[in-house]
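Coordinates as given in final-v2.cif (mmCIF, C-alpha atoms):
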data_data
loop_
_atom_site.label_atom_id
_atom_site.label_comp_id
_atom_site.auth_asym_id
_atom_site.auth_seq_id
_atom_site.Cartn_x
_atom_site.Cartn_y
_atom_site.Cartn_z
CA MET A 125 -16.68 58.43 40.32
CA ALA A 126 -19.27 58.58 43.14
CA GLY A 127 -22.82 57.97 41.92
CA GLY A 128 -21.48 56.97 38.47
CA LYS A 129 -21.60 53.61 36.76
CA ILE A 130 -18.58 51.43 36.73
CA LYS A 131 -17.73 50.64 33.16
CA LYS A 132 -16.76 47.02 32.66
CA GLU A 133 -13.87 46.46 30.34
CA LYS A 134 -14.48 43.94 27.60
CA GLN A 135 -12.04 41.08 27.68
CA LYS A 136 -10.10 40.80 24.46
CA PRO A 137 -10.09 37.32 23.00
CA THR A 138 -6.70 35.67 23.33
CA ARG A 139 -5.04 34.64 20.11
CA ALA A 140 -4.22 31.01 19.59
CA PRO A 141 -0.50 30.33 19.49
CA SER A 142 1.08 30.12 16.05
CA ASN A 143 2.13 26.52 16.56
CA HIS A 144 -0.57 23.87 16.31
CA TYR A 145 -0.65 21.07 18.82
CA GLN A 146 -1.86 17.51 19.17
CA GLY A 147 -1.06 15.55 22.29
CA GLY A 148 1.40 18.24 23.40
CA ILE A 149 3.37 18.14 20.12
CA SER A 150 3.72 21.29 18.03
CA PHE A 151 3.59 20.98 14.25
CA HIS A 152 5.86 23.00 11.98
CA LYS A 153 4.45 24.14 8.64
CA SER A 154 7.95 24.88 7.40
CA LYS A 155 8.72 21.16 7.65
CA GLY A 156 5.54 20.21 5.81
CA GLN A 157 3.88 18.84 8.95
CA HIS A 158 0.14 18.83 8.28
CA ILE A 159 -1.60 16.06 10.23
CA LEU A 160 -4.82 14.50 8.96
CA LYS A 161 -7.49 15.20 11.58
CA ASN A 162 -10.66 14.03 9.79
CA PRO A 163 -11.31 10.36 10.72
CA LEU A 164 -13.77 9.91 7.84
CA LEU A 165 -11.10 11.01 5.37
CA VAL A 166 -8.58 8.61 6.91
CA ASP A 167 -11.10 5.76 6.50
CA THR A 168 -11.75 6.76 2.87
CA ILE A 169 -8.03 6.76 2.02
CA VAL A 170 -7.56 3.30 3.55
CA GLN A 171 -10.64 1.99 1.75
CA LYS A 172 -9.47 3.32 -1.64
CA SER A 173 -5.99 1.83 -1.08
CA GLY A 174 -7.29 -1.70 -1.55
CA ILE A 175 -5.06 -3.07 1.21
CA LYS A 176 -4.87 -6.86 1.59
CA SER A 177 -4.46 -8.57 4.98
CA THR A 178 -1.11 -9.94 3.77
CA ASP A 179 0.30 -6.56 2.70
CA VAL A 180 3.46 -4.94 4.03
CA ILE A 181 2.63 -1.22 3.98
CA LEU A 182 5.11 1.63 3.68
CA GLU A 183 3.96 4.87 5.32
CA ILE A 184 5.98 8.05 4.85
CA GLY A 185 5.59 10.84 7.40
CA PRO A 186 3.22 9.08 9.83
CA GLY A 187 3.15 12.02 12.23
CA THR A 188 1.19 11.12 15.37
CA GLY A 189 -0.24 7.94 13.87
CA ASN A 190 -3.84 8.74 12.91
CA LEU A 191 -3.45 7.01 9.53
CA THR A 192 -0.95 4.47 10.90
CA LYS A 193 -3.56 2.94 13.23
CA LYS A 194 -5.97 2.25 10.37
CA LEU A 195 -3.17 0.83 8.20
CA LEU A 196 -2.12 -1.54 10.99
CA GLU A 197 -5.69 -2.77 11.32
CA ALA A 198 -5.94 -3.39 7.56
CA GLY A 199 -2.59 -4.95 6.65
CA LYS A 200 0.03 -7.39 7.90
CA MET A 201 2.72 -4.86 8.85
CA VAL A 202 3.45 -1.13 8.63
CA ILE A 203 6.93 0.29 8.03
CA ALA A 204 6.78 3.97 8.98
CA VAL A 205 9.57 6.36 7.92
CA GLU A 206 9.62 9.55 10.00
CA LEU A 207 12.24 12.31 10.08
CA ASP A 208 11.12 14.15 13.25
CA PRO A 209 12.35 12.38 16.43
CA ARG A 210 9.45 13.89 18.41
CA MET A 211 6.96 12.19 16.11
CA VAL A 212 8.88 8.91 16.34
CA LEU A 213 8.55 8.97 20.15
CA GLU A 214 4.86 9.87 19.95
CA LEU A 215 4.26 7.03 17.49
CA GLN A 216 6.03 4.50 19.71
CA ARG A 217 4.20 5.78 22.79
CA ARG A 218 0.81 5.57 21.07
CA PHE A 219 1.11 1.89 20.15
CA GLN A 220 3.26 0.63 23.02
CA GLY A 221 1.57 -2.18 24.89
CA THR A 222 -1.14 -2.66 22.25
CA PRO A 223 -1.65 -5.74 20.04
CA LEU A 224 -0.63 -3.59 17.06
CA SER A 225 2.86 -2.73 18.35
CA ASN A 226 4.57 -5.90 17.09
CA ARG A 227 3.39 -5.16 13.54
CA LEU A 228 4.81 -1.64 13.44
CA LYS A 229 8.40 -0.89 12.44
CA VAL A 230 9.51 2.74 12.72
CA ILE A 231 12.53 4.02 10.77
CA GLN A 232 13.80 7.43 11.85
CA GLY A 233 15.42 9.31 8.99
CA ASP A 234 15.05 11.18 5.72
CA VAL A 235 13.05 8.98 3.35
CA LEU A 236 14.99 10.36 0.36
CA LYS A 237 18.25 9.11 1.90
CA THR A 238 16.87 5.85 3.29
CA ASP A 239 17.27 2.46 1.61
CA LEU A 240 13.67 1.34 1.60
CA PRO A 241 12.90 -2.29 2.47
CA TYR A 242 10.44 -4.52 0.63
CA PHE A 243 6.81 -3.36 0.67
CA ASP A 244 3.63 -4.22 -1.22
CA ILE A 245 1.89 -0.87 -1.06
CA CYS A 246 2.73 2.68 -0.01
CA VAL A 247 0.15 4.91 1.70
CA ALA A 248 1.35 8.36 2.72
CA ASN A 249 0.49 11.95 3.55
CA ILE A 250 3.86 13.45 2.64
CA PRO A 251 5.59 16.81 3.11
CA TYR A 252 4.79 18.49 -0.20
CA GLN A 253 8.33 19.82 -0.74
CA ILE A 254 9.60 16.27 -1.44
CA SER A 255 6.84 15.36 -3.92
CA SER A 256 8.98 15.06 -7.09
CA PRO A 257 12.06 13.27 -5.74
CA LEU A 258 9.93 10.91 -3.64
CA THR A 259 7.69 9.96 -6.58
CA PHE A 260 10.68 8.92 -8.70
CA LYS A 261 12.48 7.27 -5.78
CA LEU A 262 9.44 5.04 -5.35
CA LEU A 263 9.23 4.31 -9.08
CA ASN A 264 12.93 3.37 -9.03
CA HIS A 265 12.38 0.93 -6.13
CA GLN A 266 12.99 -2.77 -6.76
CA PRO A 267 11.30 -5.15 -6.44
CA SER A 268 8.39 -3.14 -7.75
CA PHE A 269 5.41 -2.56 -5.44
CA ARG A 270 1.73 -2.94 -6.35
CA CYS A 271 0.66 0.67 -5.92
CA ALA A 272 1.17 3.89 -3.96
CA ILE A 273 -1.66 6.01 -2.55
CA ILE A 274 -0.20 9.44 -1.84
CA MET A 275 -1.52 12.82 -0.73
CA PHE A 276 -0.02 15.60 -2.86
CA GLN A 277 -0.56 19.32 -3.21
CA ARG A 278 -3.49 19.55 -5.62
CA GLU A 279 -1.69 21.31 -8.49
CA PHE A 280 1.17 18.82 -8.36
CA ALA A 281 -1.33 15.95 -8.37
CA MET A 282 -3.12 17.38 -11.40
CA ARG A 283 0.22 17.63 -13.23
CA LEU A 284 0.85 13.95 -12.52
CA VAL A 285 -2.44 12.88 -14.11
CA ALA A 286 -2.56 15.51 -16.91
CA GLN A 287 -3.09 14.24 -20.46
CA PRO A 288 -1.86 15.65 -23.82
CA GLY A 289 -3.68 18.90 -24.51
CA ASP A 290 -4.38 19.67 -20.82
CA ALA A 291 -3.13 23.02 -19.52
CA LEU A 292 -1.03 21.33 -16.82
CA TYR A 293 0.52 18.68 -19.12
CA CYS A 294 4.29 18.98 -18.62
CA ARG A 295 7.58 17.13 -18.28
CA LEU A 296 6.46 15.76 -14.91
CA SER A 297 3.32 14.26 -16.51
CA VAL A 298 5.30 12.58 -19.30
CA ASN A 299 8.07 11.19 -17.09
CA THR A 300 5.70 9.84 -14.44
CA GLN A 301 3.34 8.23 -16.92
CA LEU A 302 6.23 6.56 -18.74
CA TYR A 303 6.85 4.43 -15.65
CA ALA A 304 3.41 4.29 -14.04
CA ARG A 305 -0.34 4.52 -14.49
CA VAL A 306 -1.61 7.44 -12.44
CA PHE A 307 -5.18 8.04 -11.23
CA HIS A 308 -6.76 10.92 -9.31
CA LEU A 309 -8.82 9.50 -6.43
CA LEU A 310 -10.19 12.43 -4.44
CA LYS A 311 -9.80 16.11 -3.68
CA VAL A 312 -9.04 17.04 -0.07
CA GLY A 313 -9.82 20.47 1.38
CA LYS A 314 -7.19 22.21 3.51
CA ASN A 315 -9.43 22.21 6.60
CA ASN A 316 -8.97 18.45 6.94
CA PHE A 317 -5.45 19.06 8.29
CA ARG A 318 -3.94 20.43 11.47
CA PRO A 319 -2.44 22.98 10.90
CA PRO A 320 -4.23 23.67 7.59
CA PRO A 321 -1.93 24.17 4.57
CA LYS A 322 -2.37 27.15 2.26
CA VAL A 323 -3.66 25.04 -0.63
CA ASP A 324 -5.98 22.11 -1.24
CA SER A 325 -4.66 18.59 -1.72
CA SER A 326 -5.46 15.50 -3.77
CA VAL A 327 -4.99 11.78 -3.25
CA VAL A 328 -3.40 9.99 -6.22
CA ARG A 329 -2.95 6.30 -7.01
CA ILE A 330 0.33 5.35 -8.73
CA GLU A 331 0.73 1.88 -10.26
CA PRO A 332 4.23 1.05 -11.60
CA ARG A 333 4.21 -0.38 -15.12
CA LYS A 334 5.30 -4.01 -15.34
CA PRO A 335 7.55 -4.71 -17.05
CA ARG A 336 9.37 -1.42 -16.75
CA PRO A 337 9.87 0.37 -20.12
CA GLN A 338 13.27 -0.35 -21.65
CA VAL A 339 14.41 3.25 -21.99
CA ASN A 340 17.75 4.78 -21.04
CA PRO A 341 16.63 7.22 -18.28
CA LYS A 342 19.41 9.74 -18.96
CA GLU A 343 18.75 9.74 -22.72
CA TRP A 344 15.00 10.07 -22.13
CA ASP A 345 15.47 12.89 -19.61
CA GLY A 346 17.69 14.88 -21.99
CA PHE A 347 15.19 14.44 -24.82
CA ILE A 348 12.10 15.42 -22.78
CA ARG A 349 13.86 18.45 -21.26
CA ILE A 350 14.49 19.82 -24.76
CA CYS A 351 10.95 19.07 -25.97
CA PHE A 352 9.49 20.99 -23.02
CA ILE A 353 11.77 24.04 -23.23
CA ARG A 354 8.67 25.70 -24.65
CA LYS A 355 5.91 23.12 -24.76
CA ASN A 356 3.53 25.22 -26.87
CA LYS A 357 6.06 26.00 -29.62
CA THR A 358 6.45 23.64 -32.55
CA LEU A 359 9.18 21.03 -32.32
CA GLY A 360 10.61 22.53 -35.49
CA SER A 361 11.14 25.85 -33.70
CA ILE A 362 12.63 24.21 -30.61
CA PHE A 363 15.12 22.05 -32.52
CA ARG A 364 16.32 25.07 -34.54
CA MET A 365 17.43 26.90 -31.39
CA LYS A 366 21.15 27.55 -31.22
CA ASN A 367 21.73 26.08 -27.78
CA VAL A 368 19.76 22.93 -28.65
CA LEU A 369 21.64 22.34 -31.89
CA SER A 370 24.96 23.06 -30.18
CA LEU A 371 24.29 20.48 -27.47
CA LEU A 372 23.11 17.80 -29.89
CA GLU A 373 26.00 18.38 -32.29
CA LYS A 374 28.48 18.08 -29.43
CA ASN A 375 26.92 14.75 -28.41
CA TYR A 376 26.90 13.62 -32.04
CA LYS A 377 30.60 14.40 -32.59
CA THR A 378 31.57 12.79 -29.30
CA LEU A 379 29.82 9.54 -30.22
CA GLN A 380 31.26 9.63 -33.74
CA ALA A 381 34.76 9.86 -32.28
CA LEU A 382 34.26 6.82 -30.04
CA GLN A 383 34.97 3.25 -31.08
CA PRO A 384 31.89 0.94 -31.25
CA SER A 385 32.96 -0.81 -28.03
CA GLN A 386 33.28 2.53 -26.25
CA ILE A 387 29.81 3.60 -27.38
CA GLY A 388 28.30 0.53 -25.74
CA SER A 389 30.18 1.29 -22.53
CA SER A 390 29.05 4.91 -22.60
CA GLU A 391 25.40 3.92 -22.98
CA GLY A 392 25.74 1.54 -20.05
CA ASN A 393 27.02 4.38 -17.86
CA ASP A 394 24.10 6.59 -18.88
CA ALA A 395 21.60 3.90 -17.95
CA GLY A 396 23.10 3.85 -14.46
CA MET A 397 21.41 7.17 -13.66
CA GLY A 398 18.24 5.34 -12.63
CA ILE A 399 14.66 6.59 -12.65
CA SER A 400 15.16 8.54 -9.41
CA GLY A 401 17.31 11.01 -11.37
CA LEU A 402 14.16 12.22 -13.14
CA GLY A 403 12.82 13.75 -9.93
CA ASP A 404 14.80 17.01 -9.87
CA TYR A 405 11.88 19.25 -10.79
CA LYS A 406 12.64 22.93 -10.43
CA GLU A 407 9.58 23.78 -12.53
CA ASP A 408 6.88 22.08 -10.45
CA GLN A 409 5.26 25.49 -10.01
CA SER A 410 5.77 26.66 -13.60
CA MET A 411 5.20 24.86 -16.84
CA ASP A 412 8.13 26.09 -18.92
CA LEU A 413 11.86 25.84 -18.32
CA TYR A 414 12.84 28.47 -20.84
CA ASP A 415 12.72 32.16 -19.90
CA GLY A 416 14.89 33.68 -22.64
CA THR A 417 13.85 35.26 -25.90
CA ASP A 418 13.19 33.31 -29.06
CA ASP A 419 15.19 35.69 -31.26
CA GLU A 420 18.38 35.08 -29.31
CA MET A 421 17.97 31.33 -29.36
CA GLU A 422 16.83 30.45 -32.87
CA VAL A 423 19.05 29.84 -35.86
CA GLU A 424 17.63 32.06 -38.60
CA ASP A 425 17.60 30.62 -42.11
CA GLY A 426 18.24 34.04 -43.61
CA ASP A 427 21.27 34.80 -41.47
CA ALA A 428 23.94 36.06 -43.92
CA ASP A 429 26.96 35.02 -41.85
CA ALA A 430 25.81 31.50 -40.97
CA GLU A 431 25.14 28.83 -43.54
CA VAL A 432 22.57 26.17 -42.77
CA SER A 433 24.69 23.46 -41.25
CA GLU A 434 24.65 19.88 -42.39
CA PHE A 435 23.91 18.76 -38.82
CA LYS A 436 20.96 21.11 -38.52
CA GLU A 437 19.50 19.64 -41.70
CA LYS A 438 20.02 16.18 -40.27
CA VAL A 439 18.06 17.08 -37.12
CA LEU A 440 15.23 18.76 -38.98
CA ALA A 441 15.01 15.87 -41.47
CA VAL A 442 14.17 13.54 -38.58
CA LEU A 443 11.30 15.80 -37.53
CA LYS A 444 9.99 16.18 -41.08
CA GLU A 445 10.27 12.48 -41.95
CA LYS A 446 7.28 11.47 -39.81
CA ASN A 447 5.52 14.86 -39.67
CA PHE A 448 6.75 15.95 -36.21
CA TYR A 449 8.07 19.32 -37.40
CA GLU A 450 4.80 21.23 -36.84
CA LYS A 451 3.71 19.28 -33.76
CA ARG A 452 3.87 20.60 -30.20
CA SER A 453 5.03 18.80 -27.06
CA SER A 454 1.88 19.91 -25.24
CA LYS A 455 -0.16 17.67 -27.56
CA LEU A 456 2.15 14.65 -27.95
CA SER A 457 1.30 11.29 -26.40
CA GLN A 458 3.71 8.99 -24.57
CA GLU A 459 3.91 6.72 -27.63
CA GLU A 460 4.74 9.66 -29.91
CA PHE A 461 7.59 10.82 -27.67
CA LEU A 462 9.03 7.29 -27.57
CA TYR A 463 8.74 6.98 -31.35
CA LEU A 464 10.41 10.34 -32.00
CA LEU A 465 13.28 9.50 -29.64
CA SER A 466 13.82 6.23 -31.50
CA LEU A 467 13.93 8.12 -34.83
CA PHE A 468 16.60 10.47 -33.49
CA ASN A 469 18.65 7.57 -32.11
CA VAL A 470 18.48 5.67 -35.42
CA ALA A 471 19.86 8.82 -37.09
CA GLY A 472 22.75 8.80 -34.60
CA ILE A 473 21.41 11.79 -32.63
CA HIS A 474 21.52 11.35 -28.85
CA PHE A 475 20.54 13.46 -25.87
CA SER A 476 23.02 12.36 -23.21
#
Structure rendered as structure tokens:
Amino acid sequence: MAGGKIKKEKQKPTRAPSNHYQGGISFHKSKGQHILKNPLLVDTIVQKSGIKSTDVILEIGPGTGNLTKKLLEAGKMVIAVELDPRMVLELQRRFQGTPLSNRLKVIQGDVLKTDLPYFDICVANIPYQISSPLTFKLLNHQPSFRCAIIMFQREFAMRLVAQPGDALYCRLSVNTQLYARVFHLLKVGKNNFRPPPKVDSSVVRIEPRKPRPQVNPKEWDGFIRICFIRKNKTLGSIFRMKNVLSLLEKNYKTLQALQPSQIGSSEGNDAGMGISGLGDYKEDQSMDLYDGTDDEMEVEDGDADAEVSEFKEKVLAVLKEKNFYEKRSSKLSQEEFLYLLSLFNVAGIHFS
């Protein structure tokens, strides 16, 4: 309008694209791609790893190589396993023509489906959705490595290190600590990553126990699954549940029907499951497996149409013999679980 003031339009700030980039590469949250961007944090992780100059280092999910570079400078060789072909190309491009290139071996593929070569130490910032199966794949690896320094989602990490009586103590805690010593090293805020995840993370140190405990993994897994059906209920209540007694009695009768030579063969087949079979955790985000009602599951002593079975008495006698009947899985130590399993096995009661 003549004689009027021209009103300037304010420029609206442009939104950043949903994909996050580094060096022209977009990262996908859905694939668990969260790249460490804080160089001080990278240095701290390498320092806490205790890498020797003679070490062969396994890195899982190297991404664009921020951690890889520091690992190459610290150790003898880095074997990097990466699923995303774009990241593989970026990794090769980054170190091509440098003195470090001949000490880097890149394997493109799914680490859970890859036969891992020999390594002394594993250092990794992994996609969180493979936390359980990867942990037990590493613990199943032979020859055994010295230690693994791994970035996990914080709650998962706290389950790994949880002790009897802790709120997060669960089947994952017991199974992991049977085969390894586990230590929490440091908490990592989500803003140290690009793109930032929704939750904080933690770095954990895992040291495989040597020698490995002489436990049948399938038998142990079956036993621990039952104990943690409801971890805060007494073992007496858990082992009186109908489905638990039914399963154990079926195993008992099957073994009773076998010849001694067949029993030995059967146990050998069970042992073939391997430690990696313990990593199928559906309950990583919840502490209890059981979501039914106690009334439906428990065998009631006063039930008029069901006499107390001889087998039920046999099971409960094992619990009462060494005062386990009133104890709860949430408070039991590793040694107590191993002892109770041995008591059941001596009584001819098996879990696989």
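Going from atom CA of Arg364 of chain A over to atom CA of Val298 of chain A, you cover 22.6 Å.
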Write out, as a tab-separated table, each residue of segment 251-351 of chain A that has an atom at most 9 Å from segment 231-241 of chain A, together with the closest pair of atoms and their distance in Å to one decimal, counting only C-alpha atoms, rows going by chain and rising number.
residue	atom	partner	partner_atom	distance
A:Ile254	CA	A:Leu236	CA	8.2
A:Pro257	CA	A:Leu236	CA	7.4
A:Leu258	CA	A:Leu236	CA	6.5
A:Lys261	CA	A:Leu236	CA	7.3
A:Leu262	CA	A:Leu240	CA	8.9
A:His265	CA	A:Leu240	CA	7.8
In Å, how far is it from atom CA of Leu369 of chain A to atom CA of Cys294 of chain A?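 Atom CA of Cys294 of chain A lies 22.1 Å from atom CA of Leu369 of chain A.
The space between atom CA of Lys322 of chain A and atom CA of Met282 of chain A spans 16.8 Å.
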Apply the PyMOL selection byres ((chain A and resi 357) around 9) to the file shown and report the selected residues as a PDB file with C-alpha atoms, keeping the file's coordinate frame.
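Heads up, here's the output in out-v6.pdb:
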ATOM      1  CA  PHE A 352       9.490  20.990 -23.020  1.00  0.00           C
ATOM      2  CA  ILE A 353      11.770  24.040 -23.230  1.00  0.00           C
ATOM      3  CA  ARG A 354       8.670  25.700 -24.650  1.00  0.00           C
ATOM      4  CA  LYS A 355       5.910  23.120 -24.760  1.00  0.00           C
ATOM      5  CA  ASN A 356       3.530  25.220 -26.870  1.00  0.00           C
ATOM      6  CA  THR A 358       6.450  23.640 -32.550  1.00  0.00           C
ATOM      7  CA  LEU A 359       9.180  21.030 -32.320  1.00  0.00           C
ATOM      8  CA  GLY A 360      10.610  22.530 -35.490  1.00  0.00           C
ATOM      9  CA  SER A 361      11.140  25.850 -33.700  1.00  0.00           C
ATOM     10  CA  ILE A 362      12.630  24.210 -30.610  1.00  0.00           C
ATOM     11  CA  GLU A 450       4.800  21.230 -36.840  1.00  0.00           C
ATOM     12  CA  LYS A 451       3.710  19.280 -33.760  1.00  0.00           C
ATOM     13  CA  ARG A 452       3.870  20.600 -30.200  1.00  0.00           C
ATOM     14  CA  SER A 453       5.030  18.800 -27.060  1.00  0.00           C
ATOM     15  CA  SER A 454       1.880  19.910 -25.240  1.00  0.00           C
TER      16      SER A 454
END
Translate the PyMOL selection byres ((chain A and resi 247) around 12), as applied to the file shown, into an explicit residue set as a PyMOL selection string. chain A and resi 166+169-175+179-186+191-192+194-196+198-199+202-205+243-246+248-250+262+269-276+327-330
Can I get the selected residues back with C-alpha atoms, as an mmCIF file, keeping the file's coordinate frame?
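Here's the written file again-v4.cif:
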data_model
loop_
_atom_site.group_PDB
_atom_site.id
_atom_site.type_symbol
_atom_site.label_atom_id
_atom_site.label_comp_id
_atom_site.auth_asym_id
_atom_site.auth_seq_id
_atom_site.Cartn_x
_atom_site.Cartn_y
_atom_site.Cartn_z
ATOM 1 C CA VAL A 166 -8.580 8.610 6.910
ATOM 2 C CA ILE A 169 -8.030 6.760 2.020
ATOM 3 C CA VAL A 170 -7.560 3.300 3.550
ATOM 4 C CA GLN A 171 -10.640 1.990 1.750
ATOM 5 C CA LYS A 172 -9.470 3.320 -1.640
ATOM 6 C CA SER A 173 -5.990 1.830 -1.080
ATOM 7 C CA GLY A 174 -7.290 -1.700 -1.550
ATOM 8 C CA ILE A 175 -5.060 -3.070 1.210
ATOM 9 C CA ASP A 179 0.300 -6.560 2.700
ATOM 10 C CA VAL A 180 3.460 -4.940 4.030
ATOM 11 C CA ILE A 181 2.630 -1.220 3.980
ATOM 12 C CA LEU A 182 5.110 1.630 3.680
ATOM 13 C CA GLU A 183 3.960 4.870 5.320
ATOM 14 C CA ILE A 184 5.980 8.050 4.850
ATOM 15 C CA GLY A 185 5.590 10.840 7.400
ATOM 16 C CA PRO A 186 3.220 9.080 9.830
ATOM 17 C CA LEU A 191 -3.450 7.010 9.530
ATOM 18 C CA THR A 192 -0.950 4.470 10.900
ATOM 19 C CA LYS A 194 -5.970 2.250 10.370
ATOM 20 C CA LEU A 195 -3.170 0.830 8.200
ATOM 21 C CA LEU A 196 -2.120 -1.540 10.990
ATOM 22 C CA ALA A 198 -5.940 -3.390 7.560
ATOM 23 C CA GLY A 199 -2.590 -4.950 6.650
ATOM 24 C CA VAL A 202 3.450 -1.130 8.630
ATOM 25 C CA ILE A 203 6.930 0.290 8.030
ATOM 26 C CA ALA A 204 6.780 3.970 8.980
ATOM 27 C CA VAL A 205 9.570 6.360 7.920
ATOM 28 C CA PHE A 243 6.810 -3.360 0.670
ATOM 29 C CA ASP A 244 3.630 -4.220 -1.220
ATOM 30 C CA ILE A 245 1.890 -0.870 -1.060
ATOM 31 C CA CYS A 246 2.730 2.680 -0.010
ATOM 32 C CA ALA A 248 1.350 8.360 2.720
ATOM 33 C CA ASN A 249 0.490 11.950 3.550
ATOM 34 C CA ILE A 250 3.860 13.450 2.640
ATOM 35 C CA LEU A 262 9.440 5.040 -5.350
ATOM 36 C CA PHE A 269 5.410 -2.560 -5.440
ATOM 37 C CA ARG A 270 1.730 -2.940 -6.350
ATOM 38 C CA CYS A 271 0.660 0.670 -5.920
ATOM 39 C CA ALA A 272 1.170 3.890 -3.960
ATOM 40 C CA ILE A 273 -1.660 6.010 -2.550
ATOM 41 C CA ILE A 274 -0.200 9.440 -1.840
ATOM 42 C CA MET A 275 -1.520 12.820 -0.730
ATOM 43 C CA PHE A 276 -0.020 15.600 -2.860
ATOM 44 C CA VAL A 327 -4.990 11.780 -3.250
ATOM 45 C CA VAL A 328 -3.400 9.990 -6.220
ATOM 46 C CA ARG A 329 -2.950 6.300 -7.010
ATOM 47 C CA ILE A 330 0.330 5.350 -8.730
#
